[in-house]
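Just input.cif here, mmCIF, N, CA and C atoms:
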```
data_target
#
loop_
_atom_site.label_atom_id
_atom_site.label_comp_id
_atom_site.auth_asym_id
_atom_site.auth_seq_id
_atom_site.Cartn_x
_atom_site.Cartn_y
_atom_site.Cartn_z
N MET A 1471 53.03 127.05 71.84
CA MET A 1471 53.95 127.95 71.19
C MET A 1471 53.90 127.70 69.68
N SER A 1472 53.86 128.77 68.92
CA SER A 1472 53.78 128.62 67.48
C SER A 1472 55.11 128.12 66.91
N PHE A 1473 55.04 127.54 65.73
CA PHE A 1473 56.23 127.04 65.06
C PHE A 1473 57.21 128.19 64.78
N SER A 1474 56.67 129.31 64.34
CA SER A 1474 57.49 130.48 64.04
C SER A 1474 58.24 130.96 65.28
N LYS A 1475 57.57 130.98 66.42
CA LYS A 1475 58.20 131.39 67.68
C LYS A 1475 59.31 130.41 68.06
N GLN A 1476 59.08 129.11 67.84
CA GLN A 1476 60.11 128.11 68.14
C GLN A 1476 61.35 128.33 67.27
N VAL A 1477 61.14 128.62 65.99
CA VAL A 1477 62.26 128.86 65.08
C VAL A 1477 63.04 130.10 65.53
N LYS A 1478 62.32 131.17 65.88
CA LYS A 1478 62.99 132.40 66.33
C LYS A 1478 63.78 132.14 67.61
N GLU A 1479 63.22 131.34 68.50
CA GLU A 1479 63.92 131.00 69.74
C GLU A 1479 65.23 130.28 69.44
N GLU A 1480 65.17 129.30 68.53
CA GLU A 1480 66.39 128.58 68.15
C GLU A 1480 67.41 129.51 67.50
N LEU A 1481 66.95 130.38 66.62
CA LEU A 1481 67.86 131.31 65.95
C LEU A 1481 68.49 132.30 66.93
N ASN A 1482 67.72 132.75 67.90
CA ASN A 1482 68.25 133.70 68.88
C ASN A 1482 69.20 133.04 69.88
N ASN A 1483 69.14 131.72 69.99
CA ASN A 1483 70.06 131.01 70.88
C ASN A 1483 71.43 130.77 70.25
N ILE A 1484 71.54 131.02 68.95
CA ILE A 1484 72.84 130.90 68.28
C ILE A 1484 73.69 132.08 68.71
N GLN A 1485 74.86 131.79 69.25
CA GLN A 1485 75.74 132.85 69.73
C GLN A 1485 76.37 133.57 68.54
N ILE A 1486 76.29 134.90 68.58
CA ILE A 1486 76.93 135.72 67.55
C ILE A 1486 78.28 136.13 68.10
N LYS A 1487 79.36 135.71 67.43
CA LYS A 1487 80.69 135.89 67.99
C LYS A 1487 81.32 137.24 67.65
N GLY A 1488 81.46 137.57 66.39
CA GLY A 1488 82.18 138.77 66.00
C GLY A 1488 81.32 140.03 66.03
N ASN A 1489 81.96 141.16 66.28
CA ASN A 1489 81.22 142.43 66.25
C ASN A 1489 80.64 142.70 64.87
N CYS A 1490 81.33 142.27 63.81
CA CYS A 1490 80.81 142.48 62.47
C CYS A 1490 79.49 141.73 62.28
N CYS A 1491 79.40 140.53 62.84
CA CYS A 1491 78.18 139.73 62.74
C CYS A 1491 77.06 140.31 63.61
N LYS A 1492 77.43 140.86 64.76
CA LYS A 1492 76.45 141.51 65.62
C LYS A 1492 75.85 142.72 64.91
N LYS A 1493 76.70 143.48 64.22
CA LYS A 1493 76.21 144.63 63.47
C LYS A 1493 75.33 144.17 62.30
N ALA A 1494 75.70 143.05 61.66
CA ALA A 1494 74.90 142.52 60.56
C ALA A 1494 73.51 142.09 61.05
N TYR A 1495 73.45 141.43 62.22
CA TYR A 1495 72.18 141.03 62.82
C TYR A 1495 71.32 142.27 63.09
N LEU A 1496 71.93 143.27 63.71
CA LEU A 1496 71.20 144.51 64.00
C LEU A 1496 70.72 145.19 62.73
N PHE A 1497 71.56 145.23 61.71
CA PHE A 1497 71.18 145.83 60.43
C PHE A 1497 69.94 145.13 59.88
N GLY A 1498 69.94 143.79 59.90
CA GLY A 1498 68.78 143.04 59.42
C GLY A 1498 67.54 143.32 60.25
N ALA A 1499 67.72 143.36 61.58
CA ALA A 1499 66.59 143.59 62.48
C ALA A 1499 66.02 144.99 62.32
N LEU A 1500 66.88 145.96 62.06
CA LEU A 1500 66.45 147.36 61.99
C LEU A 1500 65.93 147.77 60.62
N LEU A 1501 65.94 146.85 59.65
CA LEU A 1501 65.39 147.18 58.34
C LEU A 1501 63.93 147.58 58.39
N SER A 1502 63.21 147.04 59.36
CA SER A 1502 61.79 147.36 59.48
C SER A 1502 61.54 148.54 60.41
N ALA A 1503 62.60 149.17 60.89
CA ALA A 1503 62.45 150.28 61.84
C ALA A 1503 61.97 151.54 61.15
N ASN A 1504 61.27 152.36 61.91
CA ASN A 1504 60.90 153.70 61.46
C ASN A 1504 62.00 154.62 61.94
N ASN A 1505 62.59 155.36 61.02
CA ASN A 1505 63.61 156.29 61.48
C ASN A 1505 63.47 157.63 60.78
N ILE A 1506 63.59 158.65 61.60
CA ILE A 1506 63.60 160.03 61.11
C ILE A 1506 64.86 160.64 61.69
N GLY A 1507 65.85 160.79 60.85
CA GLY A 1507 67.13 161.30 61.32
C GLY A 1507 67.75 160.32 62.29
N GLU A 1508 67.98 160.76 63.51
CA GLU A 1508 68.59 159.88 64.50
C GLU A 1508 67.59 159.26 65.46
N SER A 1509 66.30 159.53 65.28
CA SER A 1509 65.25 158.95 66.10
C SER A 1509 64.75 157.66 65.44
N ILE A 1510 64.91 156.55 66.12
CA ILE A 1510 64.60 155.24 65.54
C ILE A 1510 63.64 154.49 66.46
N SER A 1511 62.61 153.87 65.86
CA SER A 1511 61.70 153.03 66.64
C SER A 1511 61.38 151.76 65.86
N LEU A 1512 61.18 150.70 66.60
CA LEU A 1512 60.98 149.39 66.02
C LEU A 1512 59.97 148.63 66.87
N LYS A 1513 58.98 148.02 66.23
CA LYS A 1513 58.00 147.18 66.94
C LYS A 1513 58.26 145.73 66.60
N ILE A 1514 58.34 144.90 67.65
CA ILE A 1514 58.63 143.48 67.46
C ILE A 1514 57.64 142.68 68.28
N SER A 1515 57.12 141.61 67.68
CA SER A 1515 56.14 140.78 68.38
C SER A 1515 56.78 139.67 69.20
N ASP A 1516 58.03 139.36 68.94
CA ASP A 1516 58.72 138.28 69.65
C ASP A 1516 59.60 138.86 70.75
N ASP A 1517 59.34 138.49 72.00
CA ASP A 1517 60.05 139.05 73.14
C ASP A 1517 61.54 138.71 73.14
N GLU A 1518 61.89 137.47 72.79
CA GLU A 1518 63.30 137.08 72.77
C GLU A 1518 64.09 137.89 71.74
N SER A 1519 63.50 138.10 70.59
CA SER A 1519 64.16 138.90 69.55
C SER A 1519 64.34 140.33 70.03
N ALA A 1520 63.33 140.87 70.69
CA ALA A 1520 63.42 142.23 71.22
C ALA A 1520 64.55 142.33 72.24
N GLN A 1521 64.65 141.34 73.13
CA GLN A 1521 65.71 141.35 74.14
C GLN A 1521 67.10 141.26 73.50
N LYS A 1522 67.20 140.46 72.43
CA LYS A 1522 68.49 140.33 71.75
C LYS A 1522 68.88 141.66 71.11
N ILE A 1523 67.93 142.33 70.47
CA ILE A 1523 68.20 143.62 69.83
C ILE A 1523 68.61 144.66 70.88
N ILE A 1524 67.88 144.70 71.99
CA ILE A 1524 68.20 145.64 73.07
C ILE A 1524 69.61 145.38 73.59
N SER A 1525 69.94 144.11 73.79
CA SER A 1525 71.26 143.74 74.29
C SER A 1525 72.36 144.16 73.31
N LEU A 1526 72.16 143.89 72.03
CA LEU A 1526 73.16 144.24 71.03
C LEU A 1526 73.31 145.75 70.88
N LEU A 1527 72.20 146.48 70.98
CA LEU A 1527 72.29 147.94 70.92
C LEU A 1527 73.14 148.48 72.07
N GLY A 1528 72.97 147.90 73.25
CA GLY A 1528 73.74 148.33 74.40
C GLY A 1528 75.20 147.94 74.29
N THR A 1529 75.46 146.72 73.80
CA THR A 1529 76.83 146.23 73.70
C THR A 1529 77.63 146.96 72.63
N ILE A 1530 77.05 147.13 71.46
CA ILE A 1530 77.80 147.68 70.34
C ILE A 1530 77.75 149.21 70.28
N TYR A 1531 76.56 149.77 70.44
CA TYR A 1531 76.40 151.21 70.25
C TYR A 1531 76.19 151.98 71.54
N LYS A 1532 76.23 151.29 72.67
CA LYS A 1532 76.06 151.93 73.99
C LYS A 1532 74.74 152.70 74.08
N CYS A 1533 73.72 152.19 73.38
CA CYS A 1533 72.38 152.79 73.41
C CYS A 1533 71.60 152.20 74.58
N ASN A 1534 70.82 153.03 75.21
CA ASN A 1534 69.92 152.58 76.26
C ASN A 1534 68.50 152.91 75.77
N PRO A 1535 67.90 152.01 74.97
CA PRO A 1535 66.62 152.32 74.36
C PRO A 1535 65.46 152.35 75.35
N ASP A 1536 64.44 153.12 75.00
CA ASP A 1536 63.18 153.09 75.73
C ASP A 1536 62.41 151.88 75.24
N VAL A 1537 61.86 151.13 76.16
CA VAL A 1537 61.13 149.91 75.81
C VAL A 1537 59.71 150.04 76.32
N LYS A 1538 58.76 149.82 75.43
CA LYS A 1538 57.34 149.89 75.78
C LYS A 1538 56.66 148.60 75.31
N ILE A 1539 56.01 147.92 76.25
CA ILE A 1539 55.30 146.68 75.91
C ILE A 1539 53.82 147.01 75.78
N THR A 1540 53.27 146.63 74.63
CA THR A 1540 51.86 146.89 74.34
C THR A 1540 51.12 145.57 74.22
N LYS A 1541 49.99 145.47 74.92
CA LYS A 1541 49.15 144.28 74.82
C LYS A 1541 47.85 144.66 74.14
N ARG A 1542 47.49 143.86 73.17
CA ARG A 1542 46.23 144.07 72.46
C ARG A 1542 45.55 142.71 72.35
N GLY A 1543 44.58 142.48 73.21
CA GLY A 1543 43.95 141.16 73.27
C GLY A 1543 44.97 140.15 73.77
N CYS A 1544 45.16 139.08 73.01
CA CYS A 1544 46.15 138.06 73.40
C CYS A 1544 47.50 138.30 72.75
N PHE A 1545 47.64 139.38 71.97
CA PHE A 1545 48.90 139.68 71.30
C PHE A 1545 49.68 140.72 72.09
N GLU A 1546 50.99 140.53 72.09
CA GLU A 1546 51.87 141.46 72.81
C GLU A 1546 53.00 141.86 71.87
N SER A 1547 53.36 143.13 71.89
CA SER A 1547 54.49 143.58 71.09
C SER A 1547 55.37 144.49 71.93
N THR A 1548 56.62 144.56 71.53
CA THR A 1548 57.59 145.39 72.21
C THR A 1548 58.03 146.50 71.27
N GLU A 1549 57.92 147.73 71.73
CA GLU A 1549 58.39 148.86 70.93
C GLU A 1549 59.71 149.35 71.52
N ILE A 1550 60.72 149.38 70.67
CA ILE A 1550 62.05 149.80 71.07
C ILE A 1550 62.32 151.14 70.40
N SER A 1551 62.60 152.16 71.19
CA SER A 1551 62.88 153.50 70.66
C SER A 1551 64.20 154.00 71.21
N PHE A 1552 64.99 154.62 70.34
CA PHE A 1552 66.27 155.16 70.76
C PHE A 1552 66.74 156.21 69.76
N ASN A 1553 67.71 156.99 70.17
CA ASN A 1553 68.33 157.99 69.31
C ASN A 1553 69.78 157.59 69.07
N SER A 1554 70.16 157.57 67.80
CA SER A 1554 71.54 157.28 67.45
C SER A 1554 71.83 157.90 66.09
N LYS A 1555 72.68 158.89 66.10
CA LYS A 1555 73.04 159.54 64.84
C LYS A 1555 73.73 158.54 63.91
N LYS A 1556 74.62 157.73 64.47
CA LYS A 1556 75.38 156.76 63.68
C LYS A 1556 74.46 155.73 63.02
N ILE A 1557 73.54 155.16 63.77
CA ILE A 1557 72.62 154.15 63.22
C ILE A 1557 71.65 154.81 62.24
N GLY A 1558 71.16 156.01 62.56
CA GLY A 1558 70.27 156.74 61.65
C GLY A 1558 70.92 156.99 60.30
N GLU A 1559 72.17 157.43 60.32
CA GLU A 1559 72.90 157.66 59.06
C GLU A 1559 73.11 156.36 58.31
N PHE A 1560 73.41 155.29 59.05
CA PHE A 1560 73.63 153.99 58.42
C PHE A 1560 72.35 153.48 57.75
N LEU A 1561 71.21 153.60 58.44
CA LEU A 1561 69.94 153.15 57.86
C LEU A 1561 69.57 153.98 56.65
N ALA A 1562 69.84 155.27 56.69
CA ALA A 1562 69.57 156.13 55.53
C ALA A 1562 70.46 155.72 54.36
N PHE A 1563 71.73 155.43 54.64
CA PHE A 1563 72.65 154.97 53.60
C PHE A 1563 72.14 153.66 52.99
N ALA A 1564 71.77 152.71 53.85
CA ALA A 1564 71.31 151.40 53.39
C ALA A 1564 70.02 151.52 52.58
N ASP A 1565 69.16 152.45 52.96
CA ASP A 1565 67.90 152.66 52.23
C ASP A 1565 68.16 153.20 50.83
N ASN A 1566 69.14 154.07 50.70
CA ASN A 1566 69.46 154.65 49.39
C ASN A 1566 70.23 153.70 48.49
N TYR A 1567 71.00 152.80 49.08
CA TYR A 1567 71.84 151.89 48.31
C TYR A 1567 71.51 150.46 48.66
N SER A 1568 70.29 150.05 48.38
CA SER A 1568 69.85 148.73 48.83
C SER A 1568 70.03 147.65 47.77
N ASP A 1569 70.85 147.88 46.75
CA ASP A 1569 71.09 146.79 45.81
C ASP A 1569 72.09 145.81 46.43
N GLU A 1570 72.16 144.62 45.85
CA GLU A 1570 72.94 143.53 46.43
C GLU A 1570 74.42 143.86 46.56
N SER A 1571 74.99 144.54 45.58
CA SER A 1571 76.43 144.80 45.62
C SER A 1571 76.82 145.72 46.77
N SER A 1572 75.98 146.71 47.09
CA SER A 1572 76.34 147.62 48.18
C SER A 1572 76.16 146.95 49.53
N ILE A 1573 75.19 146.06 49.66
CA ILE A 1573 74.99 145.35 50.92
C ILE A 1573 76.12 144.37 51.16
N ASP A 1574 76.60 143.70 50.11
CA ASP A 1574 77.72 142.77 50.27
C ASP A 1574 78.94 143.46 50.84
N GLY A 1575 79.18 144.70 50.50
CA GLY A 1575 80.33 145.43 51.01
C GLY A 1575 80.24 145.73 52.49
N LEU A 1576 79.05 145.63 53.08
CA LEU A 1576 78.87 145.91 54.51
C LEU A 1576 79.26 144.73 55.38
N PHE A 1577 79.32 143.53 54.80
CA PHE A 1577 79.63 142.33 55.56
C PHE A 1577 81.12 142.02 55.45
N THR A 1578 81.75 141.77 56.58
CA THR A 1578 83.20 141.59 56.55
C THR A 1578 83.67 140.15 56.70
N CYS A 1579 82.82 139.25 57.18
CA CYS A 1579 83.24 137.85 57.28
C CYS A 1579 82.16 136.94 56.68
N LYS A 1580 82.49 135.67 56.57
CA LYS A 1580 81.57 134.72 55.92
C LYS A 1580 80.29 134.47 56.73
N ASN A 1581 80.30 134.79 58.03
CA ASN A 1581 79.12 134.55 58.88
C ASN A 1581 78.17 135.73 58.93
N CYS A 1582 78.58 136.88 58.41
CA CYS A 1582 77.75 138.09 58.49
C CYS A 1582 76.43 137.93 57.71
N HIS A 1583 76.47 137.25 56.57
CA HIS A 1583 75.25 137.08 55.77
C HIS A 1583 74.17 136.33 56.55
N SER A 1584 74.58 135.24 57.21
CA SER A 1584 73.59 134.46 57.96
C SER A 1584 73.10 135.24 59.19
N ALA A 1585 73.97 136.01 59.82
CA ALA A 1585 73.56 136.84 60.96
C ALA A 1585 72.55 137.90 60.49
N PHE A 1586 72.81 138.49 59.33
CA PHE A 1586 71.90 139.47 58.75
C PHE A 1586 70.52 138.85 58.52
N LEU A 1587 70.48 137.68 57.89
CA LEU A 1587 69.19 137.01 57.61
C LEU A 1587 68.48 136.61 58.90
N ARG A 1588 69.22 136.20 59.92
CA ARG A 1588 68.59 135.90 61.22
C ARG A 1588 67.95 137.14 61.79
N GLY A 1589 68.64 138.27 61.69
CA GLY A 1589 68.08 139.53 62.19
C GLY A 1589 66.81 139.92 61.46
N VAL A 1590 66.81 139.77 60.13
CA VAL A 1590 65.62 140.08 59.33
C VAL A 1590 64.46 139.20 59.78
N PHE A 1591 64.69 137.88 59.82
CA PHE A 1591 63.61 136.96 60.16
C PHE A 1591 63.11 137.17 61.59
N CYS A 1592 64.03 137.29 62.54
CA CYS A 1592 63.62 137.42 63.94
C CYS A 1592 62.90 138.73 64.21
N SER A 1593 63.18 139.74 63.43
CA SER A 1593 62.54 141.04 63.63
C SER A 1593 61.15 141.10 63.02
N PHE A 1594 61.00 140.63 61.79
CA PHE A 1594 59.70 140.80 61.15
C PHE A 1594 59.32 139.67 60.20
N GLY A 1595 59.79 138.46 60.49
CA GLY A 1595 59.45 137.32 59.65
C GLY A 1595 58.55 136.33 60.37
N SER A 1596 57.99 135.41 59.59
CA SER A 1596 57.22 134.31 60.17
C SER A 1596 57.32 133.12 59.22
N VAL A 1597 57.16 131.94 59.79
CA VAL A 1597 57.23 130.71 59.00
C VAL A 1597 56.19 129.74 59.56
N SER A 1598 55.59 128.97 58.67
CA SER A 1598 54.61 127.98 59.12
C SER A 1598 55.29 126.62 59.23
N ASP A 1599 54.65 125.74 59.97
CA ASP A 1599 55.16 124.39 60.16
C ASP A 1599 55.15 123.66 58.82
N PRO A 1600 56.29 123.18 58.34
CA PRO A 1600 56.34 122.51 57.04
C PRO A 1600 55.56 121.20 56.99
N LYS A 1601 55.19 120.65 58.15
CA LYS A 1601 54.38 119.44 58.17
C LYS A 1601 52.93 119.74 57.80
N LYS A 1602 52.54 121.01 57.93
CA LYS A 1602 51.17 121.41 57.64
C LYS A 1602 51.06 122.12 56.29
N THR A 1603 51.88 123.14 56.12
CA THR A 1603 51.86 123.94 54.89
C THR A 1603 53.20 124.66 54.77
N TYR A 1604 53.49 125.20 53.63
CA TYR A 1604 54.74 125.92 53.44
C TYR A 1604 54.48 127.40 53.28
N SER A 1605 55.06 128.19 54.16
CA SER A 1605 54.90 129.64 54.06
C SER A 1605 56.00 130.33 54.86
N LEU A 1606 56.76 131.18 54.18
CA LEU A 1606 57.78 132.01 54.81
C LEU A 1606 57.46 133.42 54.39
N GLU A 1607 57.28 134.31 55.38
CA GLU A 1607 56.90 135.69 55.09
C GLU A 1607 57.80 136.66 55.82
N MET A 1608 58.07 137.77 55.15
CA MET A 1608 58.78 138.89 55.75
C MET A 1608 57.89 140.10 55.54
N ARG A 1609 57.46 140.74 56.63
CA ARG A 1609 56.59 141.91 56.52
C ARG A 1609 57.38 143.11 56.08
#
```
Show me this structure written as structure tokens.
Amino acid sequence: MSFSKQVKEELNNIQIKGNCCKKAYLFGALLSANNIGESISLKISDDESAQKIISLLGTIYKCNPDVKITKRGCFESTEISFNSKKIGEFLAFADNYSDESSIDGLFTCKNCHSAFLRGVFCSFGSVSDPKKTYSLEMR
């Protein structure tokens, strides 16, 4: 198992308590999503992160996304597709007002920032083992 996958596993095992933090995690995870109006799709290479996103979508927004697993050689990715007018409008709002001050207003408690960053990293980030080299990337 890669170091990055181990880190994502640890981050996904952290329980997210408040609904505000769950929304912050989803917001971070969905930053890399393709959305056209209310049609949203997201490709994730980490299965645990995909399962967490699917679970949170169902819990908070009552979405039942279509899930498609694609294998290409030894790599596997999960594509999550769903329709949500509310999330589509929110992502469009966030895209237009992506400066720091407007994002801060979206978080309601002190834990929302860390939940947001976990969502970003688990959705489209990677990190190398610090014993070998230092590299943190967000696609």
Any chance you could work out the residue set of the PyMOL selection byres (((chain A and resi 1482 and name CA) around 12) and name CA) here, as a compact mmCIF listing (two decimals) with N, CA and C atoms, in the coordinates of the input?
```txt
# COMPACT_ATOMS: atom_id res chain seq x y z
N LYS A 1475 57.57 130.98 66.42
CA LYS A 1475 58.20 131.39 67.68
C LYS A 1475 59.31 130.41 68.06
N GLN A 1476 59.08 129.11 67.84
CA GLN A 1476 60.11 128.11 68.14
C GLN A 1476 61.35 128.33 67.27
N VAL A 1477 61.14 128.62 65.99
CA VAL A 1477 62.26 128.86 65.08
C VAL A 1477 63.04 130.10 65.53
N LYS A 1478 62.32 131.17 65.88
CA LYS A 1478 62.99 132.40 66.33
C LYS A 1478 63.78 132.14 67.61
N GLU A 1479 63.22 131.34 68.50
CA GLU A 1479 63.92 131.00 69.74
C GLU A 1479 65.23 130.28 69.44
N GLU A 1480 65.17 129.30 68.53
CA GLU A 1480 66.39 128.58 68.15
C GLU A 1480 67.41 129.51 67.50
N LEU A 1481 66.95 130.38 66.62
CA LEU A 1481 67.86 131.31 65.95
C LEU A 1481 68.49 132.30 66.93
N ASN A 1483 69.14 131.72 69.99
CA ASN A 1483 70.06 131.01 70.88
C ASN A 1483 71.43 130.77 70.25
N ILE A 1484 71.54 131.02 68.95
CA ILE A 1484 72.84 130.90 68.28
C ILE A 1484 73.69 132.08 68.71
N GLN A 1485 74.86 131.79 69.25
CA GLN A 1485 75.74 132.85 69.73
C GLN A 1485 76.37 133.57 68.54
N ILE A 1486 76.29 134.90 68.58
CA ILE A 1486 76.93 135.72 67.55
C ILE A 1486 78.28 136.13 68.10
N LYS A 1492 77.43 140.86 64.76
CA LYS A 1492 76.45 141.51 65.62
C LYS A 1492 75.85 142.72 64.91
N TYR A 1495 73.45 141.43 62.22
CA TYR A 1495 72.18 141.03 62.82
C TYR A 1495 71.32 142.27 63.09
N ALA A 1499 67.72 143.36 61.58
CA ALA A 1499 66.59 143.59 62.48
C ALA A 1499 66.02 144.99 62.32
N ASP A 1516 58.03 139.36 68.94
CA ASP A 1516 58.72 138.28 69.65
C ASP A 1516 59.60 138.86 70.75
N ASP A 1517 59.34 138.49 72.00
CA ASP A 1517 60.05 139.05 73.14
C ASP A 1517 61.54 138.71 73.14
N GLU A 1518 61.89 137.47 72.79
CA GLU A 1518 63.30 137.08 72.77
C GLU A 1518 64.09 137.89 71.74
N SER A 1519 63.50 138.10 70.59
CA SER A 1519 64.16 138.90 69.55
C SER A 1519 64.34 140.33 70.03
N ALA A 1520 63.33 140.87 70.69
CA ALA A 1520 63.42 142.23 71.22
C ALA A 1520 64.55 142.33 72.24
N GLN A 1521 64.65 141.34 73.13
CA GLN A 1521 65.71 141.35 74.14
C GLN A 1521 67.10 141.26 73.50
N LYS A 1522 67.20 140.46 72.43
CA LYS A 1522 68.49 140.33 71.75
C LYS A 1522 68.88 141.66 71.11
N ILE A 1523 67.93 142.33 70.47
CA ILE A 1523 68.20 143.62 69.83
C ILE A 1523 68.61 144.66 70.88
N SER A 1525 69.94 144.11 73.79
CA SER A 1525 71.26 143.74 74.29
C SER A 1525 72.36 144.16 73.31
N LEU A 1526 72.16 143.89 72.03
CA LEU A 1526 73.16 144.24 71.03
C LEU A 1526 73.31 145.75 70.88
N ALA A 1585 73.97 136.01 59.82
CA ALA A 1585 73.56 136.84 60.96
C ALA A 1585 72.55 137.90 60.49
N LEU A 1587 70.48 137.68 57.89
CA LEU A 1587 69.19 137.01 57.61
C LEU A 1587 68.48 136.61 58.90
N ARG A 1588 69.22 136.20 59.92
CA ARG A 1588 68.59 135.90 61.22
C ARG A 1588 67.95 137.14 61.79
N GLY A 1589 68.64 138.27 61.69
CA GLY A 1589 68.08 139.53 62.19
C GLY A 1589 66.81 139.92 61.46
N VAL A 1590 66.81 139.77 60.13
CA VAL A 1590 65.62 140.08 59.33
C VAL A 1590 64.46 139.20 59.78
N PHE A 1591 64.69 137.88 59.82
CA PHE A 1591 63.61 136.96 60.16
C PHE A 1591 63.11 137.17 61.59
N CYS A 1592 64.03 137.29 62.54
CA CYS A 1592 63.62 137.42 63.94
C CYS A 1592 62.90 138.73 64.21
N SER A 1593 63.18 139.74 63.43
CA SER A 1593 62.54 141.04 63.63
C SER A 1593 61.15 141.10 63.02
```
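Evaluated against the shown file, the PyMOL selection byres ((chain A and resi 1544-1549) around 7) gives Ser1511, Leu1512, Lys1513, Ile1514, Ser1515, Asp1516, Asp1517, Ala1520, Asp1536, Val1537, Lys1538, Ile1539, Thr1540, Lys1541, Arg1542, Gly1543, Ile1550 and Ser1551 of chain A.
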Limited to N, CA and C atoms, could you put the picked residues into a file as a PDB file, keeping the file's coordinate frame?
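Everything below was put into selection_31.pdb:
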```pdb
ATOM      1  N   SER A1511      62.610 153.870  65.860  1.00  0.00           N
ATOM      2  CA  SER A1511      61.700 153.030  66.640  1.00  0.00           C
ATOM      3  C   SER A1511      61.380 151.760  65.860  1.00  0.00           C
ATOM      4  N   LEU A1512      61.180 150.700  66.600  1.00  0.00           N
ATOM      5  CA  LEU A1512      60.980 149.390  66.020  1.00  0.00           C
ATOM      6  C   LEU A1512      59.970 148.630  66.870  1.00  0.00           C
ATOM      7  N   LYS A1513      58.980 148.020  66.230  1.00  0.00           N
ATOM      8  CA  LYS A1513      58.000 147.180  66.940  1.00  0.00           C
ATOM      9  C   LYS A1513      58.260 145.730  66.600  1.00  0.00           C
ATOM     10  N   ILE A1514      58.340 144.900  67.650  1.00  0.00           N
ATOM     11  CA  ILE A1514      58.630 143.480  67.460  1.00  0.00           C
ATOM     12  C   ILE A1514      57.640 142.680  68.280  1.00  0.00           C
ATOM     13  N   SER A1515      57.120 141.610  67.680  1.00  0.00           N
ATOM     14  CA  SER A1515      56.140 140.780  68.380  1.00  0.00           C
ATOM     15  C   SER A1515      56.780 139.670  69.200  1.00  0.00           C
ATOM     16  N   ASP A1516      58.030 139.360  68.940  1.00  0.00           N
ATOM     17  CA  ASP A1516      58.720 138.280  69.650  1.00  0.00           C
ATOM     18  C   ASP A1516      59.600 138.860  70.750  1.00  0.00           C
ATOM     19  N   ASP A1517      59.340 138.490  72.000  1.00  0.00           N
ATOM     20  CA  ASP A1517      60.050 139.050  73.140  1.00  0.00           C
ATOM     21  C   ASP A1517      61.540 138.710  73.140  1.00  0.00           C
ATOM     22  N   ALA A1520      63.330 140.870  70.690  1.00  0.00           N
ATOM     23  CA  ALA A1520      63.420 142.230  71.220  1.00  0.00           C
ATOM     24  C   ALA A1520      64.550 142.330  72.240  1.00  0.00           C
ATOM     25  N   ASP A1536      64.440 153.120  75.000  1.00  0.00           N
ATOM     26  CA  ASP A1536      63.180 153.090  75.730  1.00  0.00           C
ATOM     27  C   ASP A1536      62.410 151.880  75.240  1.00  0.00           C
ATOM     28  N   VAL A1537      61.860 151.130  76.160  1.00  0.00           N
ATOM     29  CA  VAL A1537      61.130 149.910  75.810  1.00  0.00           C
ATOM     30  C   VAL A1537      59.710 150.040  76.320  1.00  0.00           C
ATOM     31  N   LYS A1538      58.760 149.820  75.430  1.00  0.00           N
ATOM     32  CA  LYS A1538      57.340 149.890  75.780  1.00  0.00           C
ATOM     33  C   LYS A1538      56.660 148.600  75.310  1.00  0.00           C
ATOM     34  N   ILE A1539      56.010 147.920  76.250  1.00  0.00           N
ATOM     35  CA  ILE A1539      55.300 146.680  75.910  1.00  0.00           C
ATOM     36  C   ILE A1539      53.820 147.010  75.780  1.00  0.00           C
ATOM     37  N   THR A1540      53.270 146.630  74.630  1.00  0.00           N
ATOM     38  CA  THR A1540      51.860 146.890  74.340  1.00  0.00           C
ATOM     39  C   THR A1540      51.120 145.570  74.220  1.00  0.00           C
ATOM     40  N   LYS A1541      49.990 145.470  74.920  1.00  0.00           N
ATOM     41  CA  LYS A1541      49.150 144.280  74.820  1.00  0.00           C
ATOM     42  C   LYS A1541      47.850 144.660  74.140  1.00  0.00           C
ATOM     43  N   ARG A1542      47.490 143.860  73.170  1.00  0.00           N
ATOM     44  CA  ARG A1542      46.230 144.070  72.460  1.00  0.00           C
ATOM     45  C   ARG A1542      45.550 142.710  72.350  1.00  0.00           C
ATOM     46  N   GLY A1543      44.580 142.480  73.210  1.00  0.00           N
ATOM     47  CA  GLY A1543      43.950 141.160  73.270  1.00  0.00           C
ATOM     48  C   GLY A1543      44.970 140.150  73.770  1.00  0.00           C
ATOM     49  N   ILE A1550      60.720 149.380  70.670  1.00  0.00           N
ATOM     50  CA  ILE A1550      62.050 149.800  71.070  1.00  0.00           C
ATOM     51  C   ILE A1550      62.320 151.140  70.400  1.00  0.00           C
ATOM     52  N   SER A1551      62.600 152.160  71.190  1.00  0.00           N
ATOM     53  CA  SER A1551      62.880 153.500  70.660  1.00  0.00           C
ATOM     54  C   SER A1551      64.200 154.000  71.210  1.00  0.00           C
TER      55      SER A1551
END
```
Output as AutoDock Vina command-line options the centre and edge lengths (Å, one decimal) of the box along x, y and z of the file that holds every listed atom of range 1474-1489 of chain A after adding 5 Å on each side.
```
--center_x 69.4 --center_y 135.4 --center_z 67.5 --size_x 35.5 --size_y 24.6 --size_z 16.8
```
key: For Lys1493 in chain A, the nearest of the candidates A:Ser1474, A:Lys1532, A:Cys1582, A:Ile1510, counting only N, CA and C atoms   = A:Cys1582
inquiry  = Just the number, please: distance in Å from atom N of Gly1595 in chain A to atom C of Arg1609 in chain A, one decimal.
reply    = 6.8 Å
inquiry  = So the first atom is atom N of Asn1553 in chain A and the second is atom N of Phe1594 in chain A; what is the distance between them in Å, to one decimal place?
reply    = 19.6 Å
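With CA of Gly1558 in chain A on one side and CA of Ser1596 in chain A on the other, the separation reads 26.0 Å.
Summary of the local environment: counting only C-alpha atoms, residues at most 10 Å from Asn1581 in chain A, other than itself and those fewer than 6 positions away along its chain, are Ile1486, Lys1487, Gly1488, Cys1490, Cys1491 and Ala1494 of chain A.
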